[in-house]
file structure.cif (mmCIF, C-alpha atoms)
data_upload
#
loop_
_atom_site.label_atom_id
_atom_site.label_comp_id
_atom_site.auth_asym_id
_atom_site.auth_seq_id
_atom_site.Cartn_x
_atom_site.Cartn_y
_atom_site.Cartn_z
CA MET I 14 0.00 0.00 0.00
CA LEU I 15 1.43 3.42 -1.04
CA ARG I 16 1.41 5.95 1.80
CA VAL I 17 2.28 9.67 1.15
CA ARG I 18 2.49 12.35 3.74
CA CYS I 19 0.57 15.50 2.95
CA LEU I 20 3.23 18.19 2.32
CA ARG I 21 2.86 21.95 2.34
CA GLY I 22 4.66 24.32 0.06
CA GLY I 23 4.84 24.63 -3.66
CA SER I 24 8.07 22.90 -4.55
CA ARG I 25 7.65 20.05 -2.10
CA GLY I 26 4.01 19.54 -3.18
CA ALA I 27 5.06 19.35 -6.82
CA GLU I 28 7.81 16.93 -5.90
CA ALA I 29 5.35 14.69 -4.08
CA ALA I 30 2.92 14.79 -7.00
CA HIS I 31 5.73 13.85 -9.36
CA TYR I 32 6.72 10.94 -7.09
CA ILE I 33 3.16 9.65 -6.88
CA GLY I 34 2.82 9.85 -10.64
CA LEU I 35 5.97 7.80 -11.15
CA ARG I 36 4.83 5.12 -8.67
CA LEU I 37 1.34 4.87 -10.11
CA GLY I 38 2.76 4.74 -13.60
CA ARG I 39 4.95 1.81 -12.68
CA VAL I 40 2.07 0.04 -10.92
CA PHE I 41 -0.23 0.55 -13.92
CA THR I 42 2.46 -0.51 -16.39
CA GLY I 43 3.17 -3.64 -14.35
CA TRP I 44 -0.54 -4.45 -14.14
CA VAL I 45 -0.93 -4.10 -17.91
CA GLN I 46 2.10 -6.28 -18.52
CA ARG I 47 0.90 -9.00 -16.14
CA SER I 48 -2.60 -8.90 -17.60
CA PHE I 49 -1.21 -9.24 -21.11
CA GLN I 50 1.01 -12.15 -20.08
CA SER I 51 -1.92 -13.83 -18.31
CA THR I 52 -4.15 -13.37 -21.37
CA GLN I 53 -1.45 -14.76 -23.66
CA ALA I 54 -0.96 -17.77 -21.38
CA ALA I 55 -4.70 -18.43 -21.27
CA LYS I 56 -4.86 -18.13 -25.04
CA ALA I 57 -1.96 -20.56 -25.44
CA SER I 58 -3.62 -23.00 -23.04
CA GLN I 59 -6.89 -22.69 -24.94
CA ASN I 60 -5.11 -23.33 -28.23
CA THR I 61 -3.51 -26.43 -26.70
CA CYS I 62 -6.95 -27.72 -25.68
CA ALA I 63 -8.23 -27.01 -29.15
CA ALA I 64 -5.34 -28.96 -30.65
CA ASP I 65 -5.91 -31.87 -28.24
CA ASP I 66 -9.68 -32.03 -28.38
CA ASN I 67 -10.61 -30.14 -31.55
CA LYS I 68 -12.84 -28.11 -29.25
CA VAL I 69 -12.51 -24.90 -27.29
CA THR I 70 -14.46 -24.65 -24.07
CA SER I 71 -17.17 -22.04 -24.47
CA PRO I 72 -19.86 -20.54 -22.22
CA VAL I 73 -23.07 -22.49 -21.69
CA PRO I 74 -25.06 -22.19 -24.95
CA LYS I 75 -28.60 -20.94 -24.90
CA ASP I 76 -29.95 -24.03 -26.66
CA CYS I 77 -28.94 -26.77 -24.21
CA PRO I 78 -29.85 -30.21 -25.63
CA VAL I 79 -31.05 -31.38 -22.20
CA CYS I 80 -34.42 -30.04 -21.04
CA SER I 81 -37.30 -32.10 -19.66
CA TYR I 82 -39.75 -31.25 -16.89
CA ASN I 83 -42.41 -33.94 -17.09
CA GLU I 84 -43.44 -37.24 -18.69
CA TRP I 85 -45.65 -35.97 -21.53
CA ASP I 86 -44.38 -32.83 -23.29
CA PRO I 87 -43.40 -33.45 -26.96
CA LEU I 88 -40.43 -35.82 -26.97
CA GLU I 89 -37.45 -34.69 -29.06
CA GLU I 90 -34.48 -36.71 -27.79
CA VAL I 91 -34.18 -39.91 -25.77
CA ILE I 92 -31.65 -42.46 -24.52
CA VAL I 93 -32.65 -46.07 -25.23
CA GLY I 94 -30.96 -48.90 -23.33
CA ARG I 95 -29.06 -51.93 -24.60
CA ALA I 96 -29.69 -55.63 -23.95
CA GLU I 97 -26.29 -56.60 -25.36
CA ASN I 98 -24.15 -58.67 -22.94
CA ALA I 99 -26.84 -58.56 -20.24
CA CYS I 100 -25.97 -60.82 -17.30
CA VAL I 101 -28.01 -62.38 -14.53
CA PRO I 102 -27.12 -60.62 -11.25
CA PRO I 103 -25.62 -62.76 -8.47
CA PHE I 104 -28.22 -63.96 -5.97
CA SER I 105 -27.49 -61.52 -3.14
CA VAL I 106 -29.87 -60.42 -0.39
CA GLU I 107 -31.06 -57.30 -2.25
CA VAL I 108 -31.76 -59.32 -5.42
CA LYS I 109 -33.67 -61.92 -3.40
CA ALA I 110 -35.82 -59.19 -1.83
CA ASN I 111 -36.75 -57.77 -5.25
CA THR I 112 -37.55 -60.99 -7.11
CA TYR I 113 -40.19 -63.64 -6.78
CA GLU I 114 -39.59 -67.05 -5.23
CA LYS I 115 -40.27 -68.97 -8.45
CA TYR I 116 -37.19 -67.35 -10.03
CA TRP I 117 -34.77 -67.76 -7.12
CA GLY I 118 -33.43 -71.02 -8.56
CA PHE I 119 -32.76 -69.21 -11.85
CA TYR I 120 -30.63 -66.60 -10.07
CA GLN I 121 -28.82 -69.19 -7.98
CA LYS I 122 -27.92 -71.20 -11.08
CA PHE I 123 -27.11 -68.43 -13.59
CA GLY I 124 -25.94 -65.51 -11.41
CA GLY I 125 -22.94 -63.88 -13.09
CA GLN I 126 -23.68 -65.54 -16.43
CA SER I 127 -25.50 -64.32 -19.53
CA PHE I 128 -29.27 -64.34 -19.72
CA PRO I 129 -30.47 -67.09 -22.11
CA LYS I 130 -28.77 -66.30 -25.44
CA ASP I 131 -31.78 -66.90 -27.69
CA HIS I 132 -34.05 -64.79 -25.48
CA LEU I 133 -31.44 -62.03 -25.40
CA LYS I 134 -31.09 -62.07 -29.18
CA LYS I 135 -34.84 -61.51 -29.57
CA ALA I 136 -34.83 -58.72 -26.97
CA ILE I 137 -32.00 -56.95 -28.81
CA ALA I 138 -33.94 -57.13 -32.10
CA GLU I 139 -37.09 -55.76 -30.43
CA ILE I 140 -35.24 -52.76 -28.99
CA GLU I 141 -33.57 -52.03 -32.34
CA GLU I 142 -37.01 -51.92 -33.95
CA MET I 143 -38.25 -49.69 -31.12
CA CYS I 144 -35.36 -47.28 -31.86
CA ASN I 145 -36.24 -47.29 -35.57
CA ILE I 146 -39.86 -46.45 -34.79
CA LEU I 147 -38.86 -43.61 -32.46
CA LYS I 148 -36.66 -42.16 -35.21
CA ARG I 149 -39.52 -42.38 -37.68
CA GLU I 150 -41.63 -40.44 -35.19
CA GLY I 151 -39.03 -37.65 -35.29
CA VAL I 152 -37.19 -38.47 -32.05
CA ILE I 153 -33.38 -38.36 -31.78
CA VAL I 154 -32.14 -41.63 -30.23
CA LYS I 155 -28.90 -42.07 -28.27
CA ARG I 156 -27.56 -45.40 -26.98
CA PRO I 157 -25.19 -46.33 -24.13
CA ASP I 158 -21.88 -48.05 -24.83
CA PRO I 159 -21.84 -51.87 -25.00
CA ILE I 160 -19.90 -53.29 -22.03
CA ASP I 161 -18.92 -56.78 -20.91
CA TRP I 162 -21.03 -57.13 -17.78
CA SER I 163 -19.66 -60.58 -16.90
CA VAL I 164 -16.38 -59.11 -15.61
CA LYS I 165 -16.04 -59.61 -11.86
CA TYR I 166 -15.15 -56.54 -9.81
CA LYS I 167 -14.23 -56.00 -6.20
CA THR I 168 -14.43 -53.01 -3.88
CA PRO I 169 -13.26 -52.86 -0.24
CA ASP I 170 -16.81 -53.80 0.77
CA PHE I 171 -18.09 -56.38 -1.72
CA GLU I 172 -17.53 -58.20 -4.99
CA SER I 173 -19.93 -58.83 -7.84
CA THR I 174 -20.41 -59.02 -11.56
CA GLY I 175 -22.41 -56.47 -13.53
CA MET I 176 -25.89 -56.65 -14.99
CA TYR I 177 -26.70 -54.47 -18.02
CA ALA I 178 -27.34 -51.00 -19.42
CA ALA I 179 -30.87 -51.87 -20.48
CA MET I 180 -32.85 -49.48 -18.29
CA PRO I 181 -31.55 -45.87 -18.44
CA ARG I 182 -34.64 -44.76 -16.50
CA ASP I 183 -33.26 -46.64 -13.49
CA ILE I 184 -29.99 -44.76 -13.34
CA LEU I 185 -30.63 -41.35 -14.93
CA LEU I 186 -33.11 -38.66 -13.93
CA VAL I 187 -33.46 -35.51 -16.02
CA VAL I 188 -34.84 -32.48 -14.18
CA GLY I 189 -34.84 -29.37 -16.35
CA ASN I 190 -31.39 -29.12 -17.91
CA GLU I 191 -29.76 -31.31 -15.26
CA ILE I 192 -28.87 -35.00 -15.58
CA ILE I 193 -28.72 -36.72 -12.19
CA GLU I 194 -26.91 -40.05 -11.92
CA ALA I 195 -28.58 -42.26 -9.32
CA PRO I 196 -26.36 -44.08 -6.79
CA MET I 197 -28.34 -47.35 -7.24
CA ALA I 198 -28.88 -50.04 -4.59
CA TRP I 199 -27.95 -53.36 -6.22
CA ARG I 200 -24.30 -54.34 -6.06
CA ALA I 201 -24.59 -55.76 -9.58
CA ARG I 202 -25.45 -52.22 -10.78
CA PHE I 203 -22.66 -50.36 -8.98
CA PHE I 204 -20.70 -49.62 -12.17
CA GLU I 205 -23.66 -49.33 -14.55
CA TYR I 206 -23.05 -45.59 -14.95
CA ARG I 207 -19.95 -46.38 -17.04
CA ALA I 208 -22.09 -47.26 -20.06
CA TYR I 209 -23.62 -43.76 -20.08
CA ARG I 210 -20.57 -41.61 -19.33
CA LYS I 211 -19.69 -40.81 -22.96
CA ILE I 212 -23.24 -39.62 -23.67
CA ILE I 213 -23.42 -37.57 -20.48
CA LYS I 214 -20.05 -35.94 -21.13
CA ASP I 215 -21.27 -34.93 -24.59
CA TYR I 216 -24.38 -33.37 -23.05
CA PHE I 217 -22.25 -31.63 -20.41
CA ASN I 218 -19.97 -30.19 -23.08
CA CYS I 219 -23.09 -28.80 -24.77
CA GLY I 220 -24.22 -26.99 -21.63
CA ALA I 221 -26.15 -29.48 -19.50
CA LYS I 222 -25.75 -29.69 -15.74
CA TRP I 223 -24.37 -33.02 -14.55
CA THR I 224 -24.76 -34.27 -10.99
CA THR I 225 -23.74 -37.60 -9.51
CA ALA I 226 -25.49 -38.48 -6.26
CA PRO I 227 -23.26 -39.72 -3.42
CA LYS I 228 -22.00 -43.16 -4.36
CA PRO I 229 -22.85 -45.68 -1.62
CA THR I 230 -20.26 -48.13 -0.36
CA MET I 231 -22.92 -50.87 -0.58
CA ALA I 232 -21.34 -52.39 2.51
CA ASP I 233 -23.22 -55.11 4.38
CA GLU I 234 -24.71 -52.46 6.67
CA LEU I 235 -26.80 -51.06 3.79
CA TYR I 236 -28.85 -54.28 3.72
CA ASP I 237 -30.91 -56.16 6.27
CA GLN I 238 -29.02 -59.44 5.93
CA ASP I 239 -31.84 -61.31 7.69
CA TYR I 240 -34.68 -59.77 5.71
CA PRO I 241 -37.43 -62.41 6.17
CA ILE I 242 -39.13 -63.00 2.82
CA HIS I 243 -40.51 -66.33 1.72
CA SER I 244 -43.90 -65.52 0.23
CA VAL I 245 -46.06 -62.73 -1.15
CA GLU I 246 -47.83 -62.63 2.22
CA ASP I 247 -44.51 -61.97 3.97
CA ARG I 248 -43.79 -59.17 1.54
CA HIS I 249 -47.19 -57.56 2.11
CA LYS I 250 -46.70 -57.59 5.87
CA LEU I 251 -43.19 -56.18 5.72
CA ALA I 252 -44.11 -53.45 3.25
CA ALA I 253 -47.13 -52.48 5.36
CA GLN I 254 -44.80 -52.17 8.37
CA GLY I 255 -42.40 -50.00 6.39
CA LYS I 256 -39.65 -52.63 6.46
CA PHE I 257 -37.36 -52.95 3.45
CA VAL I 258 -34.17 -54.79 2.59
CA THR I 259 -32.26 -51.49 2.32
CA THR I 260 -31.46 -49.75 5.60
CA GLU I 261 -30.71 -46.08 6.31
CA PHE I 262 -26.96 -46.72 6.58
CA GLU I 263 -26.24 -44.37 3.65
CA PRO I 264 -28.24 -42.73 0.85
CA CYS I 265 -29.35 -44.96 -2.00
CA PHE I 266 -31.98 -44.67 -4.70
CA ASP I 267 -32.85 -45.75 -8.21
CA ALA I 268 -33.96 -42.91 -10.47
CA ALA I 269 -37.01 -44.93 -11.55
CA ASP I 270 -38.56 -44.44 -8.11
CA PHE I 271 -39.11 -40.77 -9.03
CA ILE I 272 -41.71 -39.51 -11.49
CA ARG I 273 -41.98 -35.89 -12.63
CA ALA I 274 -44.84 -33.46 -13.02
CA GLY I 275 -43.21 -30.06 -13.40
CA ARG I 276 -42.39 -28.49 -10.04
CA ASP I 277 -43.76 -31.56 -8.23
CA ILE I 278 -41.78 -34.80 -8.19
CA PHE I 279 -43.22 -37.95 -6.63
CA VAL I 280 -41.19 -40.74 -5.07
CA GLN I 281 -41.74 -43.93 -3.11
CA ARG I 282 -39.67 -45.51 -0.35
CA SER I 283 -38.90 -48.93 -1.82
CA GLN I 284 -36.52 -51.87 -1.69
CA VAL I 285 -33.98 -49.80 -3.65
CA THR I 286 -34.71 -46.24 -2.49
CA ASN I 287 -34.32 -45.27 1.16
CA TYR I 288 -35.32 -42.14 3.06
CA MET I 289 -31.75 -40.83 3.09
CA GLY I 290 -31.70 -41.01 -0.69
CA ILE I 291 -35.04 -39.21 -0.88
CA GLU I 292 -33.83 -36.52 1.52
CA TRP I 293 -30.69 -35.99 -0.57
CA MET I 294 -32.88 -35.42 -3.63
CA ARG I 295 -35.24 -33.16 -1.70
CA ARG I 296 -32.39 -30.88 -0.57
CA HIS I 297 -30.66 -31.00 -3.93
CA LEU I 298 -33.76 -29.93 -5.89
CA ALA I 299 -35.06 -27.35 -3.41
CA PRO I 300 -36.40 -24.70 -3.67
CA ASP I 301 -37.43 -24.97 -7.33
CA TYR I 302 -38.96 -28.43 -6.99
CA LYS I 303 -40.97 -30.15 -4.29
CA VAL I 304 -40.43 -33.87 -3.67
CA HIS I 305 -43.52 -35.71 -2.39
CA ILE I 306 -43.32 -39.17 -0.81
CA ILE I 307 -46.24 -41.38 -1.79
CA SER I 308 -46.84 -45.04 -0.96
CA PHE I 309 -48.80 -47.99 -2.27
CA LYS I 310 -50.25 -51.28 -1.14
CA ASP I 311 -47.39 -53.08 -2.86
CA PRO I 312 -45.80 -56.31 -1.59
CA ASN I 313 -42.56 -55.57 -3.44
CA PRO I 314 -42.09 -51.86 -4.15
CA MET I 315 -39.32 -51.31 -6.70
CA HIS I 316 -39.69 -48.45 -9.19
CA ILE I 317 -42.81 -46.35 -9.36
CA ASP I 318 -43.59 -46.35 -13.09
CA ALA I 319 -45.45 -49.67 -13.27
CA THR I 320 -47.57 -48.58 -10.30
CA PHE I 321 -48.18 -44.87 -10.86
CA ASN I 322 -47.49 -43.43 -14.31
CA ILE I 323 -48.30 -39.77 -15.02
CA ILE I 324 -49.27 -39.46 -18.69
CA GLY I 325 -50.51 -35.88 -18.99
CA PRO I 326 -51.21 -32.69 -17.04
CA GLY I 327 -53.46 -33.89 -14.23
CA LEU I 328 -53.78 -37.37 -15.75
CA VAL I 329 -52.37 -40.46 -14.05
CA ILE I 330 -52.61 -44.24 -14.53
CA SER I 331 -52.86 -45.89 -11.11
CA ASN I 332 -52.37 -49.64 -10.70
CA PRO I 333 -55.58 -51.16 -9.25
CA ASP I 334 -53.61 -53.97 -7.60
CA ARG I 335 -51.37 -51.43 -5.83
CA PRO I 336 -53.63 -48.55 -4.77
CA CYS I 337 -52.00 -45.28 -3.77
CA HIS I 338 -52.49 -44.34 -0.12
CA GLN I 339 -52.36 -40.63 -0.94
CA ILE I 340 -54.69 -40.69 -3.95
CA ASP I 341 -56.91 -37.97 -2.42
CA LEU I 342 -54.00 -35.54 -2.85
CA PHE I 343 -54.46 -35.86 -6.61
CA LYS I 344 -58.23 -36.01 -6.65
CA LYS I 345 -58.51 -32.82 -4.58
CA ALA I 346 -56.21 -31.12 -7.09
CA GLY I 347 -58.63 -32.07 -9.88
CA TRP I 348 -56.50 -34.82 -11.40
CA THR I 349 -58.11 -37.65 -13.35
CA VAL I 350 -57.09 -41.05 -12.00
CA ILE I 351 -57.36 -43.93 -14.49
CA ARG I 352 -57.43 -47.63 -13.62
CA PRO I 353 -55.71 -49.58 -16.40
CA PRO I 354 -57.09 -52.94 -17.56
CA VAL I 355 -55.63 -56.26 -16.42
CA PRO I 356 -52.47 -57.10 -18.42
CA LEU I 357 -52.74 -59.75 -21.13
CA ILE I 358 -49.22 -61.18 -20.90
CA PRO I 359 -49.34 -65.00 -20.47
CA ASP I 360 -48.52 -66.54 -17.09
CA ASP I 361 -45.80 -68.71 -18.60
CA HIS I 362 -43.86 -65.81 -20.11
CA PRO I 363 -40.65 -65.27 -18.08
CA LEU I 364 -40.57 -62.01 -16.14
CA TRP I 365 -37.40 -62.43 -14.13
CA MET I 366 -37.43 -58.98 -12.53
CA SER I 367 -40.89 -57.47 -12.89
CA SER I 368 -44.62 -58.05 -12.79
CA LYS I 369 -47.18 -58.21 -15.60
CA TRP I 370 -48.03 -54.57 -14.97
CA LEU I 371 -45.35 -53.49 -17.39
CA SER I 372 -48.37 -53.06 -19.66
CA MET I 373 -48.86 -49.62 -18.06
CA ASN I 374 -45.14 -48.79 -18.28
CA VAL I 375 -45.66 -46.72 -21.43
CA LEU I 376 -43.74 -43.88 -23.05
CA MET I 377 -45.62 -40.69 -23.93
CA LEU I 378 -44.32 -39.08 -27.13
CA ASP I 379 -46.63 -36.16 -26.39
CA GLU I 380 -50.08 -35.69 -24.89
CA LYS I 381 -51.73 -37.36 -27.89
CA ARG I 382 -49.25 -40.14 -28.75
CA VAL I 383 -48.14 -43.09 -26.65
CA MET I 384 -45.79 -46.02 -27.27
CA VAL I 385 -47.53 -49.15 -26.02
CA ASP I 386 -47.04 -52.92 -26.23
CA ALA I 387 -48.42 -54.35 -29.47
CA ASN I 388 -49.77 -57.37 -27.56
CA GLU I 389 -51.70 -55.38 -24.95
CA THR I 390 -54.89 -54.66 -26.88
CA SER I 391 -56.89 -53.78 -23.76
CA ILE I 392 -54.68 -50.87 -22.74
CA GLN I 393 -54.49 -49.76 -26.38
CA LYS I 394 -58.27 -49.39 -26.30
CA MET I 395 -58.06 -47.47 -23.01
CA PHE I 396 -55.73 -44.91 -24.59
CA GLU I 397 -57.82 -44.61 -27.73
CA ASN I 398 -60.87 -43.89 -25.58
CA LEU I 399 -58.85 -41.05 -24.04
CA GLY I 400 -58.16 -39.64 -27.50
CA ILE I 401 -54.52 -40.75 -27.45
CA SER I 402 -53.07 -42.44 -30.54
CA THR I 403 -51.14 -45.64 -29.87
CA ILE I 404 -47.80 -46.49 -31.44
CA LYS I 405 -47.68 -50.26 -31.14
CA VAL I 406 -44.34 -51.99 -30.62
CA ASN I 407 -43.63 -55.56 -29.56
CA ILE I 408 -41.01 -55.76 -26.78
CA ARG I 409 -42.24 -58.93 -25.08
CA HIS I 410 -38.77 -60.50 -24.78
CA ALA I 411 -37.29 -57.18 -23.68
CA ASN I 412 -39.96 -57.09 -20.94
CA SER I 413 -38.36 -60.18 -19.40
CA LEU I 414 -35.27 -58.15 -18.50
CA GLY I 415 -37.34 -56.03 -16.16
CA GLY I 416 -38.89 -53.10 -17.97
CA GLY I 417 -41.42 -51.62 -20.37
CA PHE I 418 -41.08 -48.58 -22.65
CA HIS I 419 -40.67 -46.11 -19.81
CA CYS I 420 -37.93 -48.21 -18.20
CA TRP I 421 -36.05 -48.78 -21.46
CA THR I 422 -35.79 -45.03 -22.08
CA CYS I 423 -34.71 -41.78 -20.47
CA ASP I 424 -36.14 -38.69 -22.10
CA ILE I 425 -33.45 -36.08 -22.57
CA ARG I 426 -35.40 -33.29 -24.23
CA ARG I 427 -39.10 -32.51 -24.28
CA ARG I 428 -40.45 -29.31 -25.76
CA GLY I 429 -42.12 -27.53 -22.86
CA THR I 430 -41.71 -25.21 -19.89
CA LEU I 431 -41.56 -25.61 -16.13
CA GLN I 432 -45.06 -25.43 -14.61
CA SER I 433 -47.00 -26.45 -11.53
CA TYR I 434 -49.77 -29.03 -11.95
CA LEU I 435 -50.73 -29.78 -8.34
CA ASP I 436 -51.84 -26.31 -7.18
#
call {"tool": "encode", "arguments": {"input": "structure.cif", "output": "structure tokens"}}
result
Amino acid sequence: MLRVRCLRGGSRGAEAAHYIGLRLGRVFTGWVQRSFQSTQAAKASQNTCAADDNKVTSPVPKDCPVCSYNEWDPLEEVIVGRAENACVPPFSVEVKANTYEKYWGFYQKFGGQSFPKDHLKKAIAEIEEMCNILKREGVIVKRPDPIDWSVKYKTPDFESTGMYAAMPRDILLVVGNEIIEAPMAWRARFFEYRAYRKIIKDYFNCGAKWTTAPKPTMADELYDQDYPIHSVEDRHKLAAQGKFVTTEFEPCFDAADFIRAGRDIFVQRSQVTNYMGIEWMRRHLAPDYKVHIISFKDPNPMHIDATFNIIGPGLVISNPDRPCHQIDLFKKAGWTVIRPPVPLIPDDHPLWMSSKWLSMNVLMLDEKRVMVDANETSIQKMFENLGISTIKVNIRHANSLGGGFHCWTCDIRRRGTLQSYLD
């Protein structure tokens, strides 16, 4: 800091003024020189990045490719999963709690190995055709990277093999222009995010926000190792008591337990989503969004979109076998609650990780177009009676891997604005 005594007298005052001028001149000249050198260095660094990456980092563009606030605005871009190299998850306690007893032998025998090759081949073909149809409907389709999911991995807390990148809805949640990576709850899905990283980095480089929720250790303490399930009756009792295989040891959630309606986002506490995970999302999204916990009479809650699927502003499909305990919240707000018809899928068709109610797990292309299973004629009629055109696609073999159209996709961009629909 430059300190100058205040001097009296003409000659001494002039001398002081001259001295100050010299000092300030040097300071200013030095500042200019340093600024120039800093600018040149930054420019050189930028040129190096351009040479390395053929791209110069630029400010966030106005037209970010990621923007989606709900489940029904006109769909413009979507990620569709892959069935390639899908493996049966090892039969751990969290897998046991989320699957039905008749398939436990299947997991015990084939855990860590490929799903049946012929079945997988048909599922892959179905999803390819689904992608082709989406493109014909004017939707941009992106796909995750194919990965060998049979590779065994080990962390300080557990070891496992992988599963698949079939269900982007399970691991990615888009809220506005932000992509949120879910932490997941199955050990077989710990590294599933790797298949999507290239896509997400591309979106980030184009201006999207990118958030990864706290990654759980998935240590033994995250799971009730003695979770007592042997029948559907057991599951009903435990769910009614609020007991789940995941504990509150650390946050965990699957993105598919959240469903969006503008400023209001609905979530269920389930076998894969705990209250700590919900609270993390609540704090992260506040104050622009409100996260509501809702619950259902469901013996095996895992992912909300085959139980409660919002298909339009104030329009929701609610599973009659799993009634919502808070349904009056929606009725009082003037929402229309629709009971879908009983699914038509045969009893002998393998559904290793889901129920027949994938029939209501549909993808809205906009308020007047829906992608629906070609075999489910009853729900097609339901939509047509609502004035919604059906785009029929057969993904019966893909269903066996645990998801319908909503599960197999993650909408990246929908043409619409942020609104409130519950007020």
call {"tool": "resolve_selection", "arguments": {"input": "structure.cif", "expression": "the PyMOL selection byres ((chain I and resi 195-198) around 7)", "output": "list of chain:residue names"}}
result
I:Ile184, I:Leu185, I:Ile193, I:Glu194, I:Trp199, I:Arg200, I:Arg202, I:Phe203, I:Thr225, I:Ala226, I:Pro227, I:Lys228, I:Pro229, I:Cys265, I:Phe266, I:Asp267, I:Ala268, I:Val285
call {"tool": "atom_distance", "arguments": {"input": "structure.cif", "atom1": "atom CA of I:Val258", "atom2": "atom CA of I:Ser367"}}
result
17.1 Å
call {"tool": "resolve_selection", "arguments": {"input": "structure.cif", "expression": "the PyMOL selection byres ((chain I and resi 306) around 7)", "output": "list in words"}}
result
Phe279, Val280, Gln281, Val304, His305, Ile307 and Ser308 of chain I
call {"tool": "resolve_selection", "arguments": {"input": "structure.cif", "expression": "the PyMOL selection byres ((chain I and resi 88) around 9)", "output": "list in words"}}
result
Ser81, Glu84, Trp85, Asp86, Pro87, Glu89, Glu90, Val91, Gly151, Val152, Ile153, Met377, Leu378, Asp379, Asp424, Ile425, Arg426, Arg427 and Arg428 of chain I
call {"tool": "write_last_selection", "arguments": {"input": "structure.cif", "atoms": "C-alpha atoms", "output": "PDB file, keeping the file's coordinate frame"}}
result
ATOM      1  CA  SER I  81     -37.300 -32.100 -19.660  1.00  0.00           C
ATOM      2  CA  GLU I  84     -43.440 -37.240 -18.690  1.00  0.00           C
ATOM      3  CA  TRP I  85     -45.650 -35.970 -21.530  1.00  0.00           C
ATOM      4  CA  ASP I  86     -44.380 -32.830 -23.290  1.00  0.00           C
ATOM      5  CA  PRO I  87     -43.400 -33.450 -26.960  1.00  0.00           C
ATOM      6  CA  GLU I  89     -37.450 -34.690 -29.060  1.00  0.00           C
ATOM      7  CA  GLU I  90     -34.480 -36.710 -27.790  1.00  0.00           C
ATOM      8  CA  VAL I  91     -34.180 -39.910 -25.770  1.00  0.00           C
ATOM      9  CA  GLY I 151     -39.030 -37.650 -35.290  1.00  0.00           C
ATOM     10  CA  VAL I 152     -37.190 -38.470 -32.050  1.00  0.00           C
ATOM     11  CA  ILE I 153     -33.380 -38.360 -31.780  1.00  0.00           C
ATOM     12  CA  MET I 377     -45.620 -40.690 -23.930  1.00  0.00           C
ATOM     13  CA  LEU I 378     -44.320 -39.080 -27.130  1.00  0.00           C
ATOM     14  CA  ASP I 379     -46.630 -36.160 -26.390  1.00  0.00           C
ATOM     15  CA  ASP I 424     -36.140 -38.690 -22.100  1.00  0.00           C
ATOM     16  CA  ILE I 425     -33.450 -36.080 -22.570  1.00  0.00           C
ATOM     17  CA  ARG I 426     -35.400 -33.290 -24.230  1.00  0.00           C
ATOM     18  CA  ARG I 427     -39.100 -32.510 -24.280  1.00  0.00           C
ATOM     19  CA  ARG I 428     -40.450 -29.310 -25.760  1.00  0.00           C
TER      20      ARG I 428
END
call {"tool": "closest_residue", "arguments": {"input": "structure.cif", "among": "I:Asp277, I:Glu150, I:Asp161, I:Asp76", "to": "I:Ala96", "atoms": "all atoms listed in the file"}}
result
I:Asp161
call {"tool": "residues_around", "arguments": {"input": "structure.cif", "residues": "I:Pro157", "least_positions_apart": "5", "cutoff": "9 Å", "atoms": "all atoms listed in the file", "output": "ChimeraX atom specification"}}
result
/I:92-95,178-179,181,207-212
call {"tool": "closest_atom_pairs", "arguments": {"input": "structure.cif", "of": "stretch 364-430 of chain I", "to": "stretch 128-131 of chain I", "cutoff": "12 Å", "atoms": "all atoms listed in the file", "output": "tab-separated table"}}
result
residue	atom	partner	partner_atom	distance
I:Trp365	CA	I:Phe128	CA	10.0
I:His410	CA	I:Asp131	CA	9.9
I:Ala411	CA	I:Phe128	CA	11.5
I:Ser413	CA	I:Phe128	CA	10.0
I:Leu414	CA	I:Phe128	CA	8.7
call {"tool": "closest_residue", "arguments": {"input": "structure.cif", "among": "I:Tyr113, I:Phe204, I:Phe418, I:Tyr177", "to": "I:Ser244", "atoms": "only C-alpha atoms"}}
result
I:Tyr113
call {"tool": "closest_residue", "arguments": {"input": "structure.cif", "among": "I:Met176, I:Ile272, I:Met231, I:Met373", "to": "I:Trp162", "atoms": "all atoms listed in the file"}}
result
I:Met176
call {"tool": "closest_residue", "arguments": {"input": "structure.cif", "among": "I:Val188, I:Leu342, I:Ile324, I:Met180", "to": "I:Trp421", "atoms": "only C-alpha atoms"}}
result
I:Met180
call {"tool": "closest_residue", "arguments": {"input": "structure.cif", "among": "I:Leu235, I:Leu298, I:Val187, I:Glu292", "to": "I:Ile213", "atoms": "only C-alpha atoms"}}
result
I:Val187
call {"tool": "residues_around", "arguments": {"input": "structure.cif", "residues": "I:Arg276", "least_positions_apart": "4", "cutoff": "10 Å", "atoms": "all atoms listed in the file", "output": "ChimeraX atom specification"}}
result
/I:82-83,188-189,298-304,431-435
call {"tool": "closest_residue", "arguments": {"input": "structure.cif", "among": "I:Met315, I:Asn322, I:Asp341, I:Val154", "to": "I:Glu142", "atoms": "only C-alpha atoms"}}
result
I:Val154
call {"tool": "decode", "arguments": {"input": "structure.cif", "residues": "stretch 195-205 of chain I", "atoms": "C-alpha atoms", "output": "compact mmCIF listing (two decimals), in the first residue's frame"}}
result
# COMPACT_ATOMS: atom_id res chain seq x y z
CA ALA I 195 -28.58 -42.26 -9.32
CA PRO I 196 -26.36 -44.08 -6.79
CA MET I 197 -28.34 -47.35 -7.24
CA ALA I 198 -28.88 -50.04 -4.59
CA TRP I 199 -27.95 -53.36 -6.22
CA ARG I 200 -24.30 -54.34 -6.06
CA ALA I 201 -24.59 -55.76 -9.58
CA ARG I 202 -25.45 -52.22 -10.78
CA PHE I 203 -22.66 -50.36 -8.98
CA PHE I 204 -20.70 -49.62 -12.17
CA GLU I 205 -23.66 -49.33 -14.55
